[in-house]
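J.: Structure provided below as C-alpha coordinates; questions to follow.
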Amino acid sequence: MKAIQKQDPQIHEAMIAELERQIQLLDKAHHHLELADIRFQQGKFKLAEEAYRRALEREPQDVDVRAHYGQCLLRLNRAAEAKPLLEGVCAENPKHDYGHSLMALAEARAALGDPSGAITALEKVIGEHSYARARVQLAELLATNGQPDRARELAKEVVAEDRVAPDYQRRQERLWVARAKKLAG
(Lines give C-alpha, C1' and ligand atoms only; values in the text may rest on other atoms or scores of the structure.)
Protein backbone atom coordinates (compact mmCIF):
# COMPACT_ATOMS: atom_id res chain seq x y z
CA MET A 1 0.00 0.00 0.00
CA LYS A 2 1.36 3.38 -0.95
CA ALA A 3 2.70 4.78 2.28
CA ILE A 4 1.31 8.08 3.43
CA GLN A 5 3.97 9.72 5.55
CA LYS A 6 3.07 10.76 9.06
CA GLN A 7 2.40 14.41 8.45
CA ASP A 8 0.86 17.37 10.09
CA PRO A 9 -2.91 16.79 10.30
CA GLN A 10 -3.43 20.08 8.43
CA ILE A 11 -1.50 18.68 5.47
CA HIS A 12 -3.68 15.55 5.52
CA GLU A 13 -6.78 17.70 5.63
CA ALA A 14 -5.53 19.79 2.71
CA MET A 15 -4.83 16.61 0.73
CA ILE A 16 -8.28 15.26 1.62
CA ALA A 17 -9.96 18.52 0.61
CA GLU A 18 -8.16 18.49 -2.76
CA LEU A 19 -9.09 14.85 -3.37
CA GLU A 20 -12.72 15.53 -2.49
CA ARG A 21 -12.69 18.44 -4.95
CA GLN A 22 -11.23 16.18 -7.66
CA ILE A 23 -13.85 13.53 -6.89
CA GLN A 24 -16.63 16.10 -7.28
CA LEU A 25 -15.22 17.23 -10.62
CA LEU A 26 -14.01 13.97 -12.15
CA ASP A 27 -15.23 11.06 -9.97
CA LYS A 28 -12.23 8.87 -10.88
CA ALA A 29 -11.40 5.61 -9.12
CA HIS A 30 -7.82 6.63 -8.41
CA HIS A 31 -8.99 9.69 -6.47
CA HIS A 32 -11.25 7.51 -4.32
CA LEU A 33 -8.33 5.11 -3.81
CA GLU A 34 -5.97 7.90 -2.73
CA LEU A 35 -8.58 9.24 -0.31
CA ALA A 36 -9.19 5.75 1.07
CA ASP A 37 -5.46 5.15 1.54
CA ILE A 38 -5.13 8.37 3.55
CA ARG A 39 -8.10 7.42 5.72
CA PHE A 40 -6.63 3.93 6.19
CA GLN A 41 -3.29 5.40 7.30
CA GLN A 42 -5.17 7.65 9.72
CA GLY A 43 -6.86 4.57 11.22
CA LYS A 44 -10.29 5.75 10.03
CA PHE A 45 -11.24 2.37 8.63
CA LYS A 46 -14.99 2.98 8.17
CA LEU A 47 -14.31 6.12 6.13
CA ALA A 48 -11.60 4.26 4.22
CA GLU A 49 -13.99 1.40 3.51
CA GLU A 50 -16.55 3.76 1.97
CA ALA A 51 -13.93 5.29 -0.32
CA TYR A 52 -12.50 1.88 -1.30
CA ARG A 53 -16.00 0.67 -2.13
CA ARG A 54 -16.57 3.70 -4.39
CA ALA A 55 -13.21 3.07 -6.10
CA LEU A 56 -14.12 -0.59 -6.59
CA GLU A 57 -17.47 0.37 -8.14
CA ARG A 58 -15.61 2.45 -10.71
CA GLU A 59 -12.68 0.05 -11.35
CA PRO A 60 -13.66 -3.46 -10.21
CA GLN A 61 -10.59 -5.08 -11.78
CA ASP A 62 -8.00 -2.69 -10.28
CA VAL A 63 -5.61 -4.87 -8.31
CA ASP A 64 -4.60 -2.11 -5.87
CA VAL A 65 -8.20 -1.22 -5.08
CA ARG A 66 -9.09 -4.86 -4.39
CA ALA A 67 -5.97 -5.43 -2.27
CA HIS A 68 -6.31 -2.27 -0.20
CA TYR A 69 -10.04 -2.80 0.27
CA GLY A 70 -9.34 -6.35 1.47
CA GLN A 71 -6.79 -5.07 3.97
CA CYS A 72 -9.28 -2.49 5.21
CA LEU A 73 -11.94 -5.17 5.68
CA LEU A 74 -9.44 -7.15 7.75
CA ARG A 75 -8.91 -4.16 10.05
CA LEU A 76 -12.69 -4.01 10.44
CA ASN A 77 -12.68 -7.70 11.51
CA ARG A 78 -14.46 -8.79 8.34
CA ALA A 79 -12.06 -11.51 7.21
CA ALA A 80 -14.75 -13.48 5.36
CA GLU A 81 -15.33 -10.50 3.05
CA ALA A 82 -11.62 -9.73 2.72
CA LYS A 83 -10.50 -13.25 1.81
CA PRO A 84 -11.97 -13.51 -1.73
CA LEU A 85 -10.61 -10.07 -2.65
CA LEU A 86 -7.14 -10.96 -1.40
CA GLU A 87 -7.20 -14.43 -2.95
CA GLY A 88 -8.00 -12.89 -6.33
CA VAL A 89 -5.18 -10.38 -6.02
CA CYS A 90 -2.66 -13.01 -4.91
CA ALA A 91 -3.72 -15.45 -7.64
CA GLU A 92 -3.14 -12.68 -10.16
CA ASN A 93 0.16 -11.53 -8.65
CA PRO A 94 1.53 -13.34 -5.57
CA LYS A 95 4.19 -10.62 -5.19
CA HIS A 96 1.67 -7.76 -5.18
CA ASP A 97 2.61 -4.86 -2.96
CA TYR A 98 5.93 -6.50 -2.03
CA GLY A 99 4.18 -9.43 -0.33
CA HIS A 100 1.86 -7.34 1.84
CA SER A 101 -1.24 -8.60 0.04
CA LEU A 102 -0.13 -12.19 0.64
CA MET A 103 0.47 -11.40 4.34
CA ALA A 104 -3.05 -9.97 4.51
CA LEU A 105 -4.41 -13.13 2.88
CA ALA A 106 -2.59 -15.18 5.53
CA GLU A 107 -4.23 -13.07 8.24
CA ALA A 108 -7.65 -13.61 6.69
CA ARG A 109 -7.10 -17.37 6.46
CA ALA A 110 -5.91 -17.54 10.07
CA ALA A 111 -8.88 -15.49 11.26
CA LEU A 112 -11.22 -17.87 9.44
CA GLY A 113 -9.71 -20.97 11.04
CA ASP A 114 -7.43 -22.09 8.21
CA PRO A 115 -3.97 -22.22 9.83
CA SER A 116 -2.48 -24.45 7.13
CA GLY A 117 -3.57 -21.99 4.43
CA ALA A 118 -2.12 -19.13 6.46
CA ILE A 119 1.15 -21.01 6.97
CA THR A 120 1.42 -21.71 3.24
CA ALA A 121 0.92 -18.02 2.41
CA LEU A 122 3.42 -16.85 5.02
CA GLU A 123 6.00 -19.40 3.84
CA LYS A 124 5.74 -17.81 0.37
CA VAL A 125 6.20 -14.33 1.84
CA ILE A 126 9.30 -15.20 3.85
CA GLY A 127 10.72 -16.98 0.81
CA GLU A 128 10.86 -13.58 -0.91
CA HIS A 129 11.13 -11.08 1.97
CA SER A 130 12.60 -10.85 5.46
CA TYR A 131 9.67 -9.06 7.11
CA ALA A 132 9.65 -9.49 10.87
CA ARG A 133 5.85 -9.36 10.78
CA ALA A 134 5.58 -12.36 8.43
CA ARG A 135 8.15 -14.41 10.32
CA VAL A 136 6.57 -13.72 13.71
CA GLN A 137 3.06 -14.47 12.45
CA LEU A 138 4.37 -17.69 10.91
CA ALA A 139 6.18 -18.58 14.14
CA GLU A 140 3.01 -18.02 16.17
CA LEU A 141 1.03 -20.27 13.83
CA LEU A 142 3.72 -22.95 13.90
CA ALA A 143 3.89 -22.82 17.70
CA THR A 144 0.17 -23.49 17.99
CA ASN A 145 0.20 -26.12 15.25
CA GLY A 146 2.76 -28.60 16.53
CA GLN A 147 6.03 -27.09 15.32
CA PRO A 148 7.45 -25.30 18.38
CA ASP A 149 11.11 -25.83 17.41
CA ARG A 150 10.71 -24.18 14.02
CA ALA A 151 8.67 -21.39 15.68
CA ARG A 152 11.45 -20.73 18.18
CA GLU A 153 14.05 -20.73 15.39
CA LEU A 154 12.13 -18.09 13.39
CA ALA A 155 11.60 -15.97 16.51
CA LYS A 156 15.30 -16.11 17.38
CA GLU A 157 16.18 -14.98 13.84
CA VAL A 158 13.93 -11.92 14.21
CA VAL A 159 15.48 -11.02 17.58
CA ALA A 160 19.04 -11.50 16.26
CA GLU A 161 18.42 -9.36 13.18
CA ASP A 162 16.90 -6.61 15.30
CA ARG A 163 20.19 -6.20 17.16
CA VAL A 164 21.95 -5.06 13.98
CA ALA A 165 19.05 -3.31 12.25
CA PRO A 166 19.09 0.45 11.64
CA ASP A 167 17.21 2.56 14.19
CA TYR A 168 14.33 3.41 11.84
CA GLN A 169 13.73 -0.31 11.19
CA ARG A 170 13.93 -1.13 14.89
CA ARG A 171 11.24 1.48 15.58
CA GLN A 172 9.00 0.11 12.81
CA GLU A 173 9.34 -3.51 13.93
CA ARG A 174 9.43 -3.15 17.73
CA LEU A 175 5.98 -4.73 18.18
CA TRP A 176 7.00 -7.79 16.13
CA VAL A 177 10.36 -8.08 17.89
CA ALA A 178 8.62 -8.00 21.28
CA ARG A 179 6.34 -10.83 20.15
CA ALA A 180 9.36 -12.72 18.80
CA LYS A 181 11.15 -12.41 22.16
CA LYS A 182 8.20 -14.08 23.88
CA LEU A 183 8.30 -16.95 21.39
CA ALA A 184 12.08 -17.33 21.51
CA GLY A 185 11.85 -18.11 25.20
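Here's how to read the names in the C-alpha coordinates: chain A, B, ... by the order shown, residue numbers from 1 in each chain, ligand numbers from 1 in the order shown.
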Excluding stretch 131-143 of chain A and its own-chain neighbours fewer than 5 positions away, which residues fall within 10 Å of it when counting only C-alpha atoms? Please give them as an NGL selection string.
T.: :A and (99-100 or 102-104 or 106-107 or 110 or 115-116 or 118-126 or 148-159 or 161-162 or 172-181 or 183-184)
J.: Run DSSP on the backbone and tell me which residues of stretch 42-136 of chain A come out as alpha helix (DSSP H); list them as a PyMOL selection string.
T.: chain A and resi 45-58+63-75+79-92+100-111+115-128+132-136
J.: Show me, as a list in words, the residues that have an atom within 6 Å of stretch 43-53 of chain A when counting only C-alpha atoms, minus same-chain residues fewer than 4 positions from it.
T.: His32, Leu33, Ala36, Arg39 and Tyr69 of chain A
J.: Could you pull the residues within 8 Å of stretch 55-57 of chain A, counting only C-alpha atoms, minus those fewer than 6 positions along the same chain, as a tab-separated table (two decimals) with all heavy atoms, in the first residue's frame?
T.:
chain	number	residue	atom	x	y	z
A	28	LYS	N	-13.11	9.93	-10.39
A	28	LYS	CA	-12.23	8.87	-10.88
A	28	LYS	C	-11.88	7.90	-9.75
A	28	LYS	O	-11.70	8.31	-8.60
A	28	LYS	CB	-10.93	9.45	-11.45
A	28	LYS	CG	-11.13	10.34	-12.64
A	28	LYS	CD	-11.52	9.53	-13.84
A	28	LYS	CE	-11.61	10.41	-15.07
A	28	LYS	NZ	-12.00	9.67	-16.24
A	29	ALA	N	-11.72	6.64	-10.10
A	29	ALA	CA	-11.40	5.61	-9.12
A	29	ALA	C	-10.12	5.91	-8.36
A	29	ALA	O	-10.04	5.71	-7.14
A	29	ALA	CB	-11.30	4.25	-9.80
A	30	HIS	N	-9.10	6.40	-9.08
A	30	HIS	CA	-7.82	6.63	-8.41
A	30	HIS	C	-7.90	7.72	-7.36
A	30	HIS	O	-7.17	7.69	-6.36
A	30	HIS	CB	-6.68	6.89	-9.42
A	30	HIS	CG	-6.78	8.16	-10.17
A	30	HIS	ND1	-6.14	9.29	-9.76
A	30	HIS	CD2	-7.43	8.47	-11.31
A	30	HIS	CE1	-6.40	10.26	-10.62
A	30	HIS	NE2	-7.18	9.78	-11.57
A	31	HIS	N	-8.81	8.68	-7.51
A	31	HIS	CA	-8.99	9.69	-6.47
A	31	HIS	C	-9.63	9.07	-5.23
A	31	HIS	O	-9.23	9.37	-4.10
A	31	HIS	CB	-9.86	10.86	-6.98
A	31	HIS	CG	-9.20	11.66	-8.05
A	31	HIS	ND1	-9.81	11.95	-9.24
A	31	HIS	CD2	-7.96	12.21	-8.12
A	31	HIS	CE1	-9.00	12.66	-9.99
A	31	HIS	NE2	-7.87	12.82	-9.34
A	32	HIS	N	-10.62	8.21	-5.45
A	32	HIS	CA	-11.25	7.51	-4.32
A	32	HIS	C	-10.23	6.63	-3.61
A	32	HIS	O	-10.21	6.56	-2.38
A	32	HIS	CB	-12.43	6.66	-4.81
A	32	HIS	CG	-13.62	7.46	-5.23
A	32	HIS	ND1	-14.48	8.05	-4.34
A	32	HIS	CD2	-14.08	7.76	-6.47
A	32	HIS	CE1	-15.45	8.68	-5.00
A	32	HIS	NE2	-15.22	8.52	-6.30
A	33	LEU	N	-9.36	5.96	-4.40
A	33	LEU	CA	-8.33	5.11	-3.81
A	33	LEU	C	-7.35	5.93	-2.97
A	33	LEU	O	-7.02	5.53	-1.85
A	33	LEU	CB	-7.57	4.35	-4.92
A	33	LEU	CG	-6.40	3.47	-4.47
A	33	LEU	CD1	-6.84	2.39	-3.50
A	33	LEU	CD2	-5.70	2.87	-5.68
A	65	VAL	N	-6.93	-1.48	-5.76
A	65	VAL	CA	-8.20	-1.22	-5.08
A	65	VAL	C	-8.66	-2.47	-4.34
A	65	VAL	O	-9.01	-2.42	-3.16
A	65	VAL	CB	-9.29	-0.74	-6.07
A	65	VAL	CG1	-10.64	-0.66	-5.39
A	65	VAL	CG2	-8.92	0.61	-6.67
A	66	ARG	N	-8.64	-3.61	-5.02
A	66	ARG	CA	-9.09	-4.86	-4.39
A	66	ARG	C	-8.21	-5.23	-3.20
A	66	ARG	O	-8.70	-5.62	-2.14
A	66	ARG	CB	-9.13	-5.99	-5.41
A	66	ARG	CG	-10.23	-5.82	-6.44
A	66	ARG	CD	-10.29	-6.95	-7.45
A	66	ARG	NE	-9.14	-6.88	-8.35
A	66	ARG	CZ	-8.43	-7.93	-8.73
A	66	ARG	NH1	-8.73	-9.15	-8.33
A	66	ARG	NH2	-7.41	-7.78	-9.55
